[in-house]
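K.L.:
I have a structure here, written as structure tokens, and I will follow up with some questions on it.
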Amino acid sequence: MAANIAEQVAIEQLEPGEYVSKHLPIRMGNSMPIAYGGCAMAIAVNAACSTVASNMSLYSVLGNFHGPASTEQKLYCTVTKTRDTRSFATRRVQVKQKQRDGQFRACLELIADFHIIEPSLLTYSASPKSTWPRVDDCPTIESHAEKLRASGRVTEAEHQTFVRTLGMLGTFFEGKYCINGISGQNLAGVGKHIQTTQDDRHITAKTSAEWQKAKGRLSSAAENMAAMAFLMDGALSFLPLTHNHLWLEDAAACSSLDFALRIFTPDVNMESWHIKERTTSRAGYGRTFSEGNLWDDKGNLVASMTQQSILRMQQGFPTANL
């Protein structure tokens with residue numbers, strides 16, 4: 001298993017345009033025995049970044065998941081160059097895995113766009129929707145989870161579910177909960193019975209946030225972009241559950257379908273603290289739409305991730321209009 005996020009997103013070039021992950025993808029954030037989608041996204045981003053000049057910076061990643069990835073096979077990438085001009089570059093990336101019969105099956109495809117680094121002549125940045133405590137005033141995710149368990153706010157079984165489902169993130173990122181957010185109060189939704197300070201809000205007005213930074217050294221822009229993509233995929237597909245007193249056990253299917261990651265600066269440094277705020281805006285017809293925004297510790301909006309996800313509730317679950 002990879003010891004840090006740099007190792008987890010690392011790739012090896014097999015031949016021009018062909019890459020393979022150095023480590024197996026991990027399972028995280030899903031009740032099914034399948035790989036975390038951020039693994040495939042991060043590998044694809046790293047591969048795309050490795051094919052452009054150093055004066056080009058990634059600014060847009062648009063893609064679709066074609067199916068779940070296995071945790072037992074490495075991820076292979078095919079990178080196709082579709083545009084190279086003085087100002088822009090575009091790469092199409094297919095991520096696939098080898099099956100038992102030796103054939104490859106695609107699990108993700110994306111378009112990555114790059115822009116030459118230009119001076120900032122006009123600069124502004126939106127603030128988070130909610131007011132969040134400073135990183136130094138927030139408890140670590142692990143200590144807060146243990147505090148909720150010790151106080152009886154979550155049961156031993158719920159605590160173990162949290163560790164099994166989301167604990168792997170702590171291998172790659174330091175994390176601190178903003179406990180005025182919903183995920184900080186109900187442990188990402190595992191403690192779905194817990195009443196939160198946002199229960200009086202409409203679900204589209206509810207917010208969650210965490211401070212996070214990468215563990216270990218990230219030695220290149222490509223590694224930082226890949227680590228950010230890995231992080232930004234997290235906890236969006238099941239955010240509608242977290243914000244509605246539900247958990248993965250209540251869903252028959254809950255996973256990301258498509259994503260739009262937009263990066264607003266070439267100077268991404270995931271070794272420093274960033275705060276990620278998450279909201280959900282729409283649900284209907286078996287799908288949800290949620291968003292995560294990432295700010296650095298100086299208040300600059302660094303990136304935005306939006307996703308549509310499949311969400312099918314267990315049979316017999318009552319229809320809800322929130």
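In the structure tokens, chains take the letters A, B, ... in the order shown, each chain's residues start at 1, and ligands count up from 1 in the order shown.
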Within 6 Å of region 9-27 of chain A, which residues of region 42-157 of chain A come that close, and what is the closest atom pair and distance in Å for each? Count only C-alpha atoms and give it as a Markdown table.

P.N.:
```
| residue | atom | partner | partner_atom | distance |
| --- | --- | --- | --- | --- |
| A:Ala42 | CA | A:Val9 | CA | 5.9 |
| A:Ile43 | CA | A:Val9 | CA | 5.5 |
| A:Thr71 | CA | A:Pro25 | CA | 5.2 |
| A:Lys74 | CA | A:Leu24 | CA | 4.9 |
| A:Leu75 | CA | A:Ser21 | CA | 5.3 |
| A:Tyr76 | CA | A:Val20 | CA | 4.3 |
| A:Cys77 | CA | A:Tyr19 | CA | 5.0 |
| A:Thr78 | CA | A:Glu18 | CA | 4.8 |
| A:Val79 | CA | A:Gly17 | CA | 4.8 |
```

K.L.:
Kindly export the residues of the current selection with N, CA and C atoms, as a PDB file, in the first residue's frame.

P.N.:
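See selection20.pdb below for the written result:
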```
ATOM      1  N   ALA A  42      -7.154  10.993 -10.017  1.00  0.00           N
ATOM      2  CA  ALA A  42      -5.819  11.497  -9.723  1.00  0.00           C
ATOM      3  C   ALA A  42      -4.777  10.939 -10.687  1.00  0.00           C
ATOM      4  N   ILE A  43      -4.874   9.652 -10.990  1.00  0.00           N
ATOM      5  CA  ILE A  43      -3.939   9.026 -11.926  1.00  0.00           C
ATOM      6  C   ILE A  43      -4.082   9.656 -13.309  1.00  0.00           C
ATOM      7  N   THR A  71     -10.136  -2.856  -6.650  1.00  0.00           N
ATOM      8  CA  THR A  71      -8.976  -2.565  -5.809  1.00  0.00           C
ATOM      9  C   THR A  71      -7.873  -3.603  -6.001  1.00  0.00           C
ATOM     10  N   LYS A  74      -4.127  -2.589 -11.054  1.00  0.00           N
ATOM     11  CA  LYS A  74      -3.623  -1.239 -11.255  1.00  0.00           C
ATOM     12  C   LYS A  74      -4.443  -0.520 -12.327  1.00  0.00           C
ATOM     13  N   LEU A  75      -4.287   0.796 -12.366  1.00  0.00           N
ATOM     14  CA  LEU A  75      -5.008   1.630 -13.316  1.00  0.00           C
ATOM     15  C   LEU A  75      -4.091   1.983 -14.490  1.00  0.00           C
ATOM     16  N   TYR A  76      -4.576   1.767 -15.697  1.00  0.00           N
ATOM     17  CA  TYR A  76      -3.838   2.098 -16.913  1.00  0.00           C
ATOM     18  C   TYR A  76      -4.462   3.333 -17.550  1.00  0.00           C
ATOM     19  N   CYS A  77      -3.626   4.205 -18.112  1.00  0.00           N
ATOM     20  CA  CYS A  77      -4.106   5.436 -18.748  1.00  0.00           C
ATOM     21  C   CYS A  77      -3.604   5.531 -20.180  1.00  0.00           C
ATOM     22  N   THR A  78      -4.500   5.923 -21.054  1.00  0.00           N
ATOM     23  CA  THR A  78      -4.132   6.298 -22.418  1.00  0.00           C
ATOM     24  C   THR A  78      -4.418   7.777 -22.581  1.00  0.00           C
ATOM     25  N   VAL A  79      -3.365   8.546 -22.913  1.00  0.00           N
ATOM     26  CA  VAL A  79      -3.492   9.992 -23.056  1.00  0.00           C
ATOM     27  C   VAL A  79      -3.397  10.352 -24.539  1.00  0.00           C
TER      28      VAL A  79
END
```

K.L.:
Mind pulling up the distance from CA of Ser256 (chain A) to CA of Asn30 (chain A)?

P.N.:
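Those two atoms sit 10.6 Å apart.
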
K.L.:
Show which residues sit within 12 Å of Val52 (chain A), as number ranges by chain. Count only C-alpha atoms, and ignore same-chain residues fewer than 6 positions away.

P.N.:
A: 17, 45-46, 58, 79-91, 112-116, 221-222

K.L.:
Which of region 176-284 of chain A counts as alpha helix (DSSP H) under DSSP, as an MDAnalysis selection string please?

P.N.:
chainID A and resid 182:186 221:232 239:242

K.L.:
Deliver the residues from the most recent selection as a file, using C-alpha atoms, as an mmCIF file, in the first residue's frame.

P.N.:
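Output contents, as saved in part.cif:
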```
data_model
loop_
_atom_site.group_PDB
_atom_site.id
_atom_site.type_symbol
_atom_site.label_atom_id
_atom_site.label_comp_id
_atom_site.auth_asym_id
_atom_site.auth_seq_id
_atom_site.Cartn_x
_atom_site.Cartn_y
_atom_site.Cartn_z
ATOM 1 C CA ILE A 182 -22.879 19.002 9.639
ATOM 2 C CA SER A 183 -20.187 16.431 8.892
ATOM 3 C CA GLY A 184 -18.295 17.578 11.976
ATOM 4 C CA GLN A 185 -21.361 17.006 14.145
ATOM 5 C CA ASN A 186 -22.624 13.690 12.775
ATOM 6 C CA ALA A 221 2.958 20.702 -9.968
ATOM 7 C CA ALA A 222 1.596 17.462 -11.430
ATOM 8 C CA GLU A 223 1.712 15.734 -8.039
ATOM 9 C CA ASN A 224 -0.066 18.672 -6.385
ATOM 10 C CA MET A 225 -2.777 18.712 -9.058
ATOM 11 C CA ALA A 226 -3.238 14.945 -8.762
ATOM 12 C CA ALA A 227 -3.406 15.110 -4.964
ATOM 13 C CA MET A 228 -6.001 17.873 -5.194
ATOM 14 C CA ALA A 229 -8.109 15.836 -7.633
ATOM 15 C CA PHE A 230 -7.910 12.875 -5.253
ATOM 16 C CA LEU A 231 -9.134 15.022 -2.364
ATOM 17 C CA MET A 232 -11.847 16.923 -4.249
ATOM 18 C CA LEU A 239 -23.297 14.344 0.920
ATOM 19 C CA PRO A 240 -27.118 14.318 0.428
ATOM 20 C CA LEU A 241 -27.196 11.433 2.929
ATOM 21 C CA THR A 242 -24.884 13.227 5.390
#
```

K.L.:
Please list as a list in words every residue within 9 Å of Gly170 (chain A), counting only C-alpha atoms and excluding residues in the same chain fewer than 4 positions away.

P.N.:
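Contacts, in chain order: Ile141, Glu142, Leu166, Glu174, Gly175 and Lys215 of chain A.
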
K.L.:
Closest to Glu291 (chain A) among A:His245, A:Lys192, A:Lys213, A:Lys206, using only C-alpha atoms?

P.N.:
A:Lys206

K.L.:
Between A:Cys138, A:Ala157, A:Ile111, A:Leu121, which residue has the minimum interatomic distance to Asn180 (chain A), considering only C-alpha atoms?

P.N.:
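Among the listed residues, the smallest separation from Asn180 (chain A) belongs to A:Cys138.
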
K.L.:
Which parts of region 36-164 of chain A does DSSP call strand (DSSP E or B) when run on the backbone here, written out as a PyMOL selection string?

P.N.:
chain A and resi 56-65+76-84+88-98+104-116+140

K.L.:
Write the residues of the preceding selection, restricted to N, CA and C atoms, as a compact mmCIF listing (two decimals), in the first residue's frame.

P.N.:
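For reference, out-v4.txt as written:
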```
# COMPACT_ATOMS: atom_id res chain seq x y z
N MET A 56 2.52 25.45 -18.95
CA MET A 56 1.08 25.22 -19.05
C MET A 56 0.55 24.74 -17.70
N SER A 57 -0.61 25.26 -17.31
CA SER A 57 -1.20 24.90 -16.03
C SER A 57 -2.61 24.34 -16.22
N LEU A 58 -2.92 23.29 -15.51
CA LEU A 58 -4.24 22.67 -15.59
C LEU A 58 -5.30 23.61 -15.04
N TYR A 59 -6.41 23.77 -15.80
CA TYR A 59 -7.48 24.63 -15.29
C TYR A 59 -8.87 23.99 -15.37
N SER A 60 -9.02 22.88 -16.10
CA SER A 60 -10.34 22.27 -16.24
C SER A 60 -10.20 20.77 -16.45
N VAL A 61 -11.00 20.00 -15.69
CA VAL A 61 -11.04 18.54 -15.83
C VAL A 61 -12.50 18.13 -15.84
N LEU A 62 -13.00 17.69 -16.98
CA LEU A 62 -14.39 17.29 -17.13
C LEU A 62 -14.44 15.82 -17.50
N GLY A 63 -15.22 15.03 -16.76
CA GLY A 63 -15.18 13.61 -17.05
C GLY A 63 -16.39 12.85 -16.57
N ASN A 64 -16.39 11.57 -16.91
CA ASN A 64 -17.46 10.63 -16.56
C ASN A 64 -16.85 9.33 -16.06
N PHE A 65 -17.46 8.80 -15.01
CA PHE A 65 -17.13 7.44 -14.58
C PHE A 65 -17.95 6.46 -15.42
N TYR A 76 -4.58 1.77 -15.70
CA TYR A 76 -3.84 2.10 -16.91
C TYR A 76 -4.46 3.33 -17.55
N CYS A 77 -3.63 4.20 -18.11
CA CYS A 77 -4.11 5.44 -18.75
C CYS A 77 -3.60 5.53 -20.18
N THR A 78 -4.50 5.92 -21.05
CA THR A 78 -4.13 6.30 -22.42
C THR A 78 -4.42 7.78 -22.58
N VAL A 79 -3.36 8.55 -22.91
CA VAL A 79 -3.49 9.99 -23.06
C VAL A 79 -3.40 10.35 -24.54
N THR A 80 -4.42 11.03 -25.04
CA THR A 80 -4.46 11.46 -26.44
C THR A 80 -4.34 12.98 -26.49
N LYS A 81 -3.42 13.47 -27.30
CA LYS A 81 -3.25 14.91 -27.47
C LYS A 81 -4.23 15.40 -28.53
N THR A 82 -5.16 16.26 -28.11
CA THR A 82 -6.16 16.76 -29.05
C THR A 82 -5.98 18.23 -29.39
N ARG A 83 -5.17 18.96 -28.62
CA ARG A 83 -4.91 20.37 -28.95
C ARG A 83 -3.58 20.80 -28.34
N ASP A 84 -2.77 21.49 -29.11
CA ASP A 84 -1.54 22.11 -28.64
C ASP A 84 -1.34 23.41 -29.40
N PHE A 88 -2.98 27.17 -25.27
CA PHE A 88 -3.80 26.12 -24.68
C PHE A 88 -3.33 24.72 -25.12
N ALA A 89 -3.65 23.76 -24.26
CA ALA A 89 -3.43 22.35 -24.60
C ALA A 89 -4.60 21.55 -24.05
N THR A 90 -4.99 20.52 -24.77
CA THR A 90 -6.09 19.66 -24.34
C THR A 90 -5.66 18.20 -24.45
N ARG A 91 -6.03 17.43 -23.42
CA ARG A 91 -5.72 16.01 -23.40
C ARG A 91 -6.99 15.21 -23.08
N ARG A 92 -7.18 14.14 -23.84
CA ARG A 92 -8.26 13.19 -23.53
C ARG A 92 -7.62 11.97 -22.88
N VAL A 93 -8.13 11.58 -21.73
CA VAL A 93 -7.54 10.49 -20.96
C VAL A 93 -8.59 9.41 -20.71
N GLN A 94 -8.24 8.20 -21.03
CA GLN A 94 -9.07 7.05 -20.67
C GLN A 94 -8.34 6.24 -19.61
N VAL A 95 -9.03 5.95 -18.52
CA VAL A 95 -8.49 5.10 -17.45
C VAL A 95 -9.17 3.74 -17.54
N LYS A 96 -8.38 2.69 -17.48
CA LYS A 96 -8.92 1.34 -17.66
C LYS A 96 -8.19 0.36 -16.76
N GLN A 97 -8.79 -0.81 -16.62
CA GLN A 97 -8.19 -1.89 -15.84
C GLN A 97 -8.23 -3.19 -16.63
N LYS A 98 -7.22 -4.01 -16.39
CA LYS A 98 -7.15 -5.29 -17.06
C LYS A 98 -8.06 -6.29 -16.35
N PHE A 104 -9.11 -5.10 -21.52
CA PHE A 104 -9.22 -3.90 -20.70
C PHE A 104 -10.66 -3.40 -20.68
N ARG A 105 -11.06 -2.88 -19.53
CA ARG A 105 -12.38 -2.27 -19.39
C ARG A 105 -12.20 -0.83 -18.90
N ALA A 106 -12.82 0.12 -19.61
CA ALA A 106 -12.72 1.53 -19.23
C ALA A 106 -13.54 1.81 -17.98
N CYS A 107 -12.95 2.54 -17.05
CA CYS A 107 -13.70 2.92 -15.85
C CYS A 107 -13.87 4.44 -15.73
N LEU A 108 -13.12 5.22 -16.53
CA LEU A 108 -13.24 6.67 -16.48
C LEU A 108 -12.67 7.27 -17.76
N GLU A 109 -13.30 8.35 -18.23
CA GLU A 109 -12.75 9.15 -19.32
C GLU A 109 -12.90 10.61 -18.94
N LEU A 110 -11.87 11.40 -19.28
CA LEU A 110 -11.94 12.83 -18.97
C LEU A 110 -11.22 13.65 -20.04
N ILE A 111 -11.58 14.92 -20.06
CA ILE A 111 -10.90 15.92 -20.88
C ILE A 111 -10.21 16.88 -19.93
N ALA A 112 -8.89 17.03 -20.10
CA ALA A 112 -8.11 17.94 -19.27
C ALA A 112 -7.62 19.10 -20.14
N ASP A 113 -7.89 20.31 -19.69
CA ASP A 113 -7.49 21.51 -20.44
C ASP A 113 -6.44 22.30 -19.66
N PHE A 114 -5.46 22.80 -20.40
CA PHE A 114 -4.34 23.55 -19.83
C PHE A 114 -4.26 24.92 -20.49
N HIS A 115 -3.78 25.89 -19.71
CA HIS A 115 -3.66 27.27 -20.18
C HIS A 115 -2.27 27.76 -19.82
N ILE A 116 -1.64 28.46 -20.73
CA ILE A 116 -0.33 29.02 -20.43
C ILE A 116 -0.44 29.97 -19.25
N THR A 140 -8.65 17.47 15.28
CA THR A 140 -8.35 16.53 14.22
C THR A 140 -9.54 15.59 14.02
```

K.L.:
Kindly indicate which residue among A:Gly216, A:Phe259, A:Pro318, A:Thr279 lies nearest to Thr171 (chain A), using only C-alpha atoms for the distances.

P.N.:
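Of A:Gly216, A:Phe259, A:Pro318, A:Thr279, the one nearest Thr171 (chain A), counting only C-alpha atoms, is A:Gly216.
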
K.L.:
What gap, in Å, lies between CA of Gln307 (chain A) and CA of Met41 (chain A)?

P.N.:
12.8 Å

K.L.:
Taking only C-alpha atoms into account, which of A:His159, A:Arg282, A:His274, A:Arg312 comes nearest Asp250 (chain A)?

P.N.:
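Nearest to Asp250 (chain A): A:Arg312.
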